[in-house]
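Data from entry_22.csv: CSV, C-alpha atoms
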```csv
chain,number,residue,atom,x,y,z
A,8,MET,CA,25.3,-61.6,31.1
A,9,ALA,CA,28.7,-63.2,30.4
A,10,TYR,CA,31.6,-61.3,28.9
A,11,GLN,CA,33.2,-62.2,25.6
A,12,LEU,CA,36.9,-62.2,26.5
A,13,PHE,CA,39.7,-62.5,24.0
A,14,THR,CA,43.5,-62.3,24.4
A,15,TYR,CA,46.3,-61.8,21.9
A,16,ARG,CA,49.5,-63.1,23.4
A,17,HIS,CA,52.8,-62.0,22.0
A,18,ASN,CA,55.2,-63.3,24.6
A,19,LYS,CA,54.3,-64.7,28.0
A,20,THR,CA,51.0,-65.0,29.8
A,21,LEU,CA,50.6,-63.3,33.2
A,22,PRO,CA,47.5,-64.4,35.1
A,23,GLU,CA,44.4,-62.5,35.9
A,24,VAL,CA,43.3,-62.9,39.5
A,25,ALA,CA,39.6,-62.5,40.1
A,26,TRP,CA,38.5,-62.8,43.7
A,27,LEU,CA,34.8,-62.9,44.2
A,28,LYS,CA,33.1,-66.3,44.0
A,29,GLU,CA,29.6,-64.7,44.0
A,30,PRO,CA,28.3,-61.1,43.7
A,31,PHE,CA,27.9,-58.8,46.7
A,32,VAL,CA,24.6,-56.9,46.7
A,33,TYR,CA,24.3,-53.5,48.3
A,34,ASP,CA,21.7,-50.8,48.4
A,35,PHE,CA,23.0,-48.8,45.4
A,36,PHE,CA,25.0,-51.4,43.4
A,37,THR,CA,25.9,-55.0,43.0
A,38,LEU,CA,29.7,-55.8,43.1
A,39,TRP,CA,30.3,-58.5,40.5
A,40,GLN,CA,34.1,-58.8,40.6
A,41,VAL,CA,37.3,-57.5,42.1
A,42,GLY,CA,40.5,-58.4,40.3
A,43,GLU,CA,44.0,-57.8,39.2
A,44,ARG,CA,45.4,-58.1,35.7
A,45,ARG,CA,49.1,-58.2,34.7
A,46,LEU,CA,50.2,-57.8,31.1
A,47,PHE,CA,53.6,-58.1,29.4
A,48,ARG,CA,53.6,-57.8,25.6
A,49,ASP,CA,50.0,-58.8,25.7
A,50,THR,CA,46.7,-57.4,24.5
A,51,ILE,CA,43.4,-58.2,26.2
A,52,GLY,CA,40.0,-57.2,25.1
A,53,PHE,CA,36.4,-57.7,26.2
A,54,LYS,CA,32.9,-56.7,25.3
A,55,GLY,CA,29.7,-57.2,27.2
A,56,PRO,CA,26.5,-58.2,25.4
A,57,HIS,CA,24.2,-55.5,24.0
A,58,GLU,CA,22.2,-55.3,27.1
A,59,ASP,CA,25.3,-55.2,29.3
A,60,ARG,CA,24.7,-53.2,32.5
A,61,PHE,CA,28.2,-53.6,34.0
A,62,TRP,CA,30.6,-50.8,34.7
A,63,ASP,CA,34.4,-51.4,35.1
A,64,ILE,CA,36.7,-49.1,37.0
A,65,GLY,CA,40.4,-49.8,36.7
A,66,TYR,CA,43.4,-48.3,38.3
A,67,VAL,CA,47.0,-48.6,36.8
A,68,THR,CA,49.2,-49.7,39.7
A,69,GLU,CA,52.4,-50.3,37.6
A,70,GLY,CA,53.8,-49.7,34.2
A,71,SER,CA,52.3,-48.1,31.1
A,72,GLY,CA,50.4,-49.1,28.0
A,73,VAL,CA,47.5,-48.2,25.7
A,74,VAL,CA,43.8,-48.7,26.2
A,75,SER,CA,41.1,-48.5,23.5
A,76,ILE,CA,37.6,-47.8,24.9
A,77,HIS,CA,34.7,-47.8,22.5
A,78,GLY,CA,37.0,-47.0,19.6
A,79,SER,CA,39.0,-44.2,21.1
A,80,VAL,CA,42.7,-44.8,22.0
A,81,TYR,CA,44.5,-43.5,25.1
A,82,GLN,CA,47.9,-43.8,26.6
A,83,ILE,CA,47.8,-45.0,30.2
A,84,ARG,CA,50.4,-45.1,33.0
A,85,LYS,CA,50.8,-45.7,36.7
A,86,GLY,CA,48.3,-43.5,38.6
A,87,ASP,CA,45.6,-43.4,35.9
A,88,CYS,CA,42.0,-44.2,36.4
A,89,LEU,CA,39.9,-45.8,33.6
A,90,VAL,CA,36.2,-46.3,33.3
A,91,ARG,CA,34.4,-48.6,30.9
A,92,MET,CA,30.7,-47.8,30.6
A,93,PRO,CA,28.0,-50.5,30.1
A,94,GLY,CA,28.0,-51.8,26.5
A,95,HIS,CA,31.3,-50.4,25.5
A,96,THR,CA,34.2,-52.4,24.2
A,97,CYS,CA,37.7,-52.2,25.8
A,98,MET,CA,41.1,-53.4,24.7
A,99,ILE,CA,44.2,-52.9,26.9
A,100,SER,CA,47.8,-53.4,25.7
A,101,SER,CA,51.1,-53.3,27.6
A,102,LYS,CA,54.2,-51.8,26.0
A,103,ASP,CA,56.8,-54.2,24.7
A,104,THR,CA,59.3,-53.2,27.4
A,105,ASP,CA,57.0,-52.7,30.3
A,106,GLU,CA,54.8,-54.8,32.4
A,107,LEU,CA,51.4,-53.3,33.0
A,108,GLN,CA,49.4,-54.0,36.2
A,109,ILE,CA,45.8,-53.0,36.6
A,110,CYS,CA,43.4,-53.6,39.5
A,111,TYR,CA,39.7,-53.2,38.8
A,112,ILE,CA,36.1,-53.6,40.1
A,113,ARG,CA,33.1,-54.7,38.0
A,114,PHE,CA,29.7,-53.6,39.2
A,115,GLU,CA,26.1,-52.8,38.3
A,116,LEU,CA,24.3,-49.7,39.5
A,117,HIS,CA,20.8,-50.4,40.7
A,118,ASP,CA,17.7,-48.7,39.2
A,119,SER,CA,16.8,-45.3,40.4
A,120,GLU,CA,13.9,-46.6,42.6
A,121,ARG,CA,16.5,-48.3,44.7
A,122,GLY,CA,18.1,-44.9,45.5
A,123,GLU,CA,20.4,-42.5,43.7
A,124,HIS,CA,24.1,-43.1,44.0
A,125,PRO,CA,26.5,-40.2,43.3
A,126,PHE,CA,28.3,-42.3,40.6
A,127,ALA,CA,25.1,-42.5,38.5
A,128,CYS,CA,26.0,-39.0,37.3
A,129,MET,CA,29.1,-40.5,35.6
A,130,ASN,CA,27.0,-41.8,32.7
A,131,SER,CA,26.0,-38.4,31.4
A,132,MET,CA,29.4,-36.9,32.2
A,133,LEU,CA,31.3,-39.5,30.1
A,134,LEU,CA,28.8,-39.2,27.3
A,135,GLU,CA,29.4,-35.5,27.2
A,136,LYS,CA,33.2,-35.4,27.7
A,137,LYS,CA,34.0,-38.8,26.0
A,138,ASP,CA,37.2,-39.1,28.1
A,139,PRO,CA,37.2,-42.4,30.1
A,140,VAL,CA,40.9,-42.0,31.3
A,141,ARG,CA,41.8,-39.5,34.0
A,142,ARG,CA,44.7,-39.0,36.3
A,143,ASP,CA,43.8,-40.0,39.8
A,144,HIS,CA,44.0,-37.2,42.5
A,145,TRP,CA,41.8,-38.9,45.1
A,146,GLY,CA,43.8,-41.8,46.5
A,147,LEU,CA,42.5,-44.7,44.4
A,148,ALA,CA,45.8,-46.7,45.0
A,149,ASP,CA,45.2,-46.9,48.7
A,150,LEU,CA,41.5,-47.7,48.3
A,151,PHE,CA,42.1,-50.5,45.9
A,152,ASP,CA,44.9,-51.9,48.0
A,153,GLN,CA,42.6,-51.9,51.1
A,154,LEU,CA,39.8,-53.6,49.1
A,155,LEU,CA,42.0,-56.3,47.7
A,156,ARG,CA,43.4,-57.0,51.2
A,157,GLU,CA,39.9,-57.5,52.5
A,158,ILE,CA,38.9,-59.7,49.7
A,159,ARG,CA,42.0,-61.9,50.0
A,160,TYR,CA,41.5,-62.5,53.8
A,161,GLU,CA,37.8,-63.3,53.5
A,162,ASN,CA,37.1,-62.3,57.1
A,163,ARG,CA,33.7,-62.1,58.7
A,164,HIS,CA,33.5,-58.4,58.1
A,165,LEU,CA,34.3,-58.8,54.4
A,166,LEU,CA,30.9,-57.9,53.0
A,167,LEU,CA,30.7,-54.7,55.1
A,168,MET,CA,34.2,-53.6,54.5
A,169,ALA,CA,34.2,-54.3,50.7
A,170,GLY,CA,31.0,-52.2,50.4
A,171,SER,CA,32.7,-49.4,52.2
A,172,TYR,CA,35.8,-49.4,50.0
A,173,VAL,CA,33.8,-49.7,46.8
A,174,ASN,CA,31.6,-46.8,47.8
A,175,GLN,CA,34.8,-44.7,48.3
A,176,ILE,CA,36.3,-45.9,45.0
A,177,LEU,CA,33.1,-44.8,43.2
A,178,VAL,CA,33.1,-41.4,44.8
A,179,ALA,CA,36.9,-40.9,44.2
A,180,ALA,CA,36.4,-41.9,40.5
A,181,TYR,CA,33.5,-39.5,40.2
A,182,ARG,CA,35.6,-36.7,41.6
A,183,ASN,CA,38.4,-37.4,39.2
A,184,TYR,CA,36.0,-37.2,36.3
A,185,LEU,CA,34.2,-34.2,37.7
A,186,GLY,CA,37.4,-32.3,37.1
A,187,GLN,CA,37.2,-30.5,40.4
A,188,VAL,CA,40.9,-31.1,41.0
A,189,GLU,CA,41.9,-29.4,37.7
A,190,ARG,CA,39.5,-26.5,38.1
A,191,ASN,CA,39.7,-25.7,41.8
A,192,ILE,CA,42.8,-27.1,43.4
A,193,ASP,CA,46.2,-25.4,43.0
A,194,THR,CA,48.7,-27.8,44.4
A,195,SER,CA,51.5,-25.3,44.7
A,196,ASP,CA,52.6,-23.7,47.9
A,197,HIS,CA,50.8,-20.5,47.0
A,198,MET,CA,47.2,-21.7,47.0
A,199,VAL,CA,44.7,-18.8,47.3
A,200,PRO,CA,41.8,-18.9,49.7
A,201,SER,CA,38.8,-20.8,48.4
A,202,ILE,CA,35.7,-18.9,47.3
A,203,GLY,CA,33.6,-22.0,47.2
A,204,GLY,CA,31.5,-23.6,49.8
A,205,LYS,CA,32.5,-25.6,52.9
A,206,ARG,CA,32.8,-28.9,50.9
A,207,GLU,CA,35.3,-27.4,48.6
A,208,ILE,CA,37.4,-26.1,51.5
A,209,ALA,CA,37.5,-29.6,53.1
A,210,GLU,CA,38.4,-31.2,49.8
A,211,ARG,CA,41.2,-28.7,49.2
A,212,ALA,CA,42.5,-29.6,52.6
A,213,VAL,CA,42.4,-33.3,51.8
A,214,GLN,CA,44.2,-32.8,48.5
A,215,TYR,CA,46.9,-30.7,50.2
A,216,MET,CA,47.5,-33.3,53.0
A,217,ASN,CA,47.5,-36.2,50.5
A,218,GLU,CA,50.2,-34.6,48.3
A,219,ARG,CA,52.4,-33.6,51.3
A,220,VAL,CA,52.1,-36.5,53.6
A,221,LEU,CA,55.9,-36.9,53.8
A,222,GLU,CA,56.7,-33.2,54.3
A,223,LEU,CA,53.8,-31.9,56.3
A,224,LYS,CA,54.9,-31.3,59.9
A,225,GLU,CA,52.2,-29.1,61.4
A,226,LEU,CA,48.5,-29.3,60.4
A,227,SER,CA,48.2,-25.5,61.1
A,228,SER,CA,50.2,-25.0,57.9
A,229,VAL,CA,47.3,-26.5,56.0
A,230,ALA,CA,45.0,-23.7,57.3
A,231,ASP,CA,47.7,-21.1,56.6
A,232,VAL,CA,48.1,-22.1,52.9
A,233,LEU,CA,44.4,-22.3,52.4
A,234,GLY,CA,43.9,-18.9,54.0
A,235,TYR,CA,41.8,-19.8,57.0
A,236,SER,CA,42.2,-19.9,60.7
A,237,TYR,CA,43.0,-23.4,62.0
A,238,SER,CA,39.9,-23.4,64.2
A,239,TYR,CA,37.7,-22.6,61.3
A,240,LEU,CA,39.3,-25.1,59.0
A,241,SER,CA,39.0,-27.8,61.8
A,242,HIS,CA,35.3,-27.1,62.3
A,243,VAL,CA,34.6,-27.1,58.5
A,244,PHE,CA,36.6,-30.3,58.0
A,245,ARG,CA,34.8,-32.2,60.7
A,246,GLU,CA,31.4,-31.0,59.6
A,247,GLU,CA,32.0,-32.0,56.0
A,248,MET,CA,34.2,-35.1,56.2
A,249,GLY,CA,32.9,-36.6,59.5
A,250,THR,CA,36.3,-36.8,61.1
A,251,SER,CA,38.9,-34.4,62.4
A,252,LEU,CA,41.9,-33.1,60.5
A,253,GLN,CA,44.3,-35.0,62.8
A,254,ALA,CA,42.4,-38.3,62.5
A,255,TYR,CA,42.4,-38.0,58.7
A,256,PHE,CA,46.0,-37.2,58.4
A,257,SER,CA,47.0,-39.9,60.9
A,258,LYS,CA,45.1,-42.5,58.7
A,259,ARG,CA,46.7,-41.1,55.6
A,260,ARG,CA,50.2,-41.5,57.1
A,261,ILE,CA,49.5,-45.1,57.9
A,262,LEU,CA,48.1,-45.8,54.4
A,263,THR,CA,51.4,-44.4,53.0
A,264,ALA,CA,53.4,-46.4,55.5
A,265,MET,CA,51.6,-49.6,54.3
A,266,GLN,CA,52.6,-48.8,50.7
A,267,PHE,CA,56.3,-48.3,51.8
A,268,LEU,CA,56.2,-51.6,53.7
A,269,HIS,CA,55.2,-53.5,50.5
A,270,ASP,CA,58.9,-53.0,49.5
A,271,GLU,CA,60.9,-55.5,51.5
A,272,ASP,CA,63.9,-53.3,51.2
A,273,ASN,CA,62.2,-50.7,53.4
A,274,THR,CA,62.8,-51.4,57.1
A,275,VAL,CA,60.4,-50.3,59.7
A,276,THR,CA,62.9,-47.8,61.0
A,277,ARG,CA,63.3,-46.3,57.5
A,278,VAL,CA,59.5,-46.0,57.0
A,279,ALA,CA,59.2,-44.3,60.4
A,280,GLU,CA,61.9,-41.8,59.4
A,281,LEU,CA,60.3,-41.1,56.0
A,282,LEU,CA,57.0,-40.3,57.7
A,283,SER,CA,58.7,-38.1,60.4
A,284,TYR,CA,57.5,-40.2,63.4
A,285,GLN,CA,59.4,-39.3,66.6
A,286,SER,CA,60.4,-42.9,67.3
A,287,ILE,CA,59.9,-46.4,66.1
A,288,HIS,CA,57.7,-47.0,69.2
A,289,SER,CA,55.3,-44.1,68.3
A,290,PHE,CA,55.1,-45.3,64.7
A,291,SER,CA,54.4,-48.9,65.7
A,292,LYS,CA,51.8,-47.8,68.2
A,293,ALA,CA,50.0,-45.6,65.6
A,294,PHE,CA,50.3,-48.4,63.0
A,295,LYS,CA,48.8,-51.1,65.2
A,296,LYS,CA,46.0,-48.8,66.3
A,297,GLN,CA,44.9,-48.3,62.7
A,298,THR,CA,45.6,-51.9,61.3
A,299,GLY,CA,45.5,-54.2,64.3
A,300,GLN,CA,49.0,-55.4,63.7
A,301,SER,CA,52.6,-54.2,64.0
A,302,PRO,CA,54.5,-52.8,61.0
A,303,SER,CA,56.8,-55.8,60.9
A,304,GLU,CA,53.9,-58.2,61.1
A,305,TYR,CA,52.1,-56.4,58.3
A,306,GLN,CA,55.3,-56.4,56.1
A,307,PHE,CA,55.9,-60.1,56.7
A,308,ARG,CA,52.3,-61.1,56.0
A,309,TYR,CA,52.2,-59.0,52.8
A,310,ALA,CA,55.5,-60.5,51.5
A,311,ASN,CA,54.2,-64.1,52.1
A,312,GLU,CA,50.9,-63.3,50.5
A,313,LYS,CA,52.7,-61.8,47.5
A,314,LYS,CA,54.9,-64.9,47.0
A,315,ALA,CA,51.9,-67.2,47.3
A,316,SER,CA,50.2,-65.3,44.5
A,317,TYR,CA,53.0,-66.1,42.0
```
Show me this structure written as structure tokens.
Amino acid sequence: MAYQLFTYRHNKTLPEVAWLKEPFVYDFFTLWQVGERRLFRDTIGFKGPHEDRFWDIGYVTEGSGVVSIHGSVYQIRKGDCLVRMPGHTCMISSKDTDELQICYIRFELHDSERGEHPFACMNSMLLEKKDPVRRDHWGLADLFDQLLREIRYENRHLLLMAGSYVNQILVAAYRNYLGQVERNIDTSDHMVPSIGGKREIAERAVQYMNERVLELKELSSVADVLGYSYSYLSHVFREEMGTSLQAYFSKRRILTAMQFLHDEDNTVTRVAELLSYQSIHSFSKAFKKQTGQSPSEYQFRYANEKKASY
């Protein structure tokens, strides 16, 4: 089931990095590839064979450009999510003055007798809406970053962790295309109480925390904005998300800190201040609890890894 891959190069070639040496098989899907593609004044295109059963989910990490999927053309920019359905053609071009960076996964959904995955609904949804490009509202940048880190390190928990992150990427992509963010979530400071079920309440809380990770000081304000008591919101959140509000927000802060530390100009002190930690000590302690390494160790390791990839 090999892909036909063709590239039109107008200036310089920037490499594609594909990480998996062999597919990873899980209950609901098989992960065939995880990779990163960088383009500068280039156009790449690919098409699977007629019986192609592979899906591709991409996330634009830097830059802007144009993508043509199955004959329809879309502008893309940093923060966009793209989906290529099985059997569809795809061509991606960077702008002449902009380097475009995309990370992606390629996978195959298993037949229904193997179990239903939530992402299976994407097929009929895309056929109906014919819109394979959506703005991401569900943290795909962090999920792809974590997945790529796991793949690069090839540790003994790689298979388990990769499956976990891919599951989250599929669900996040599904939520973006479901349009729940556009329909139900008002991201202003005047959000009205939800009239939906408990799941919607929890998802609204997630969205609010994600978008205010730098300014949110007290989690009680989340309940105030959503129009619920803090005890009720805490109960609903744990019931629906399987974790506490505090645990979720703590993890979100660390994921944001990791993104900041990717920039070598950001010191550990500066990152701690941006995220409103009381001290460098408390920041370092929280960071190490989540990642197993100190902020400075993480920043050093990431910088070395980045240099080695060039």
>> Env of Lys85 of chain A: 10 Å cut, atoms = all atoms listed in the file, seq-sep filter 3 positions within chain, self excluded. Answer as a VMD selection string.
In response: chain A and resid 66 to 72 88 107 to 109 142 to 143 148
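Minimum atom-to-atom distance to Thr37 of chain A, evaluated using all atoms listed in the file, belongs to A:His117 out of A:Arg163, A:Lys292, A:His117, A:Arg156.
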>> Using all atoms listed in the file, which protein or nucleic acid residues come within 12 Å of Tyr284 of chain A? Drop anything in the same chain fewer than 6 positions from it, and give the result as number ranges by chain.
In response: A: 220-224, 257, 260-261, 264, 275-278, 290-294
Residues from last step as file, C-alpha atoms, as a short mmCIF file (atom, residue, chain, number, x, y, z; two decimals), keeping the file's coordinate frame:
```cif
data_model
loop_
_atom_site.label_atom_id
_atom_site.label_comp_id
_atom_site.auth_asym_id
_atom_site.auth_seq_id
_atom_site.Cartn_x
_atom_site.Cartn_y
_atom_site.Cartn_z
CA VAL A 220 52.10 -36.50 53.60
CA LEU A 221 55.90 -36.90 53.80
CA GLU A 222 56.70 -33.20 54.30
CA LEU A 223 53.80 -31.90 56.30
CA LYS A 224 54.90 -31.30 59.90
CA SER A 257 47.00 -39.90 60.90
CA ARG A 260 50.20 -41.50 57.10
CA ILE A 261 49.50 -45.10 57.90
CA ALA A 264 53.40 -46.40 55.50
CA VAL A 275 60.40 -50.30 59.70
CA THR A 276 62.90 -47.80 61.00
CA ARG A 277 63.30 -46.30 57.50
CA VAL A 278 59.50 -46.00 57.00
CA PHE A 290 55.10 -45.30 64.70
CA SER A 291 54.40 -48.90 65.70
CA LYS A 292 51.80 -47.80 68.20
CA ALA A 293 50.00 -45.60 65.60
CA PHE A 294 50.30 -48.40 63.00
#
```
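Closest approach to Leu177 of chain A among A:Leu46, A:Leu89, A:Leu27, A:Leu262: A:Leu89, based on all atoms listed in the file.
You can rank A:Gln266, A:Thr96, A:Tyr237, A:Ala315 by their closest distance to Gln253 of chain A using only C-alpha atoms, and at the top of that list sits A:Tyr237.
With only C-alpha atoms as the atoms that count, the minimum distance from Cys110 of chain A to the choices A:Lys296, A:Arg219, A:His269, A:Arg45 is reached by A:Arg45.
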> Just how far from atom CA of Arg206 of chain A is atom CA of Phe256 of chain A, in Å to one decimal?
Replying inline: 17.3 Å
Nearby residues (all atoms listed in the file) at most 12 Å from Gly204 of chain A, same-chain spacing under 6 positions excluded, as an mmCIF file with C-alpha atoms, in the frame of the given file:
```
data_model
loop_
_atom_site.group_PDB
_atom_site.id
_atom_site.type_symbol
_atom_site.label_atom_id
_atom_site.label_comp_id
_atom_site.auth_asym_id
_atom_site.auth_seq_id
_atom_site.Cartn_x
_atom_site.Cartn_y
_atom_site.Cartn_z
ATOM 1 C CA ASN A 191 39.700 -25.700 41.800
ATOM 2 C CA GLU A 210 38.400 -31.200 49.800
ATOM 3 C CA ARG A 211 41.200 -28.700 49.200
ATOM 4 C CA VAL A 243 34.600 -27.100 58.500
ATOM 5 C CA PHE A 244 36.600 -30.300 58.000
ATOM 6 C CA GLU A 247 32.000 -32.000 56.000
#
```
> If you measure from atom CA of Leu150 of chain A to atom CA of Glu106 of chain A, what distance in Å do you get, rounded to one decimal?
Replying inline: 21.9 Å
> For Tyr239 of chain A, which residue out of A:Val41, A:Leu252, A:Ile83, A:Ile112 is the nearest one, using only C-alpha atoms?
Replying inline: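 Counting only C-alpha atoms, the residue closest to Tyr239 of chain A is A:Leu252.
Here the question is which of A:Trp62, A:Tyr235, A:Glu271, A:Asp105 gets nearest to Arg308 of chain A using all atoms listed in the file, and that residue is A:Glu271.
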> Mind pulling up the distance from atom CA of Glu218 of chain A to atom CA of His144 of chain A?
Replying inline: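 Separation between atom CA of His144 of chain A and atom CA of Glu218 of chain A: 8.9 Å.
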>> Distance cut-off 6 Å, centre (37.6, -52.1, 24.3) in file coordinates, counting all atoms listed in the file: which residues qualify? Return them as JSON, numbers by chain.
In response: {"A": [52, 75, 76, 77, 96, 97, 98]}
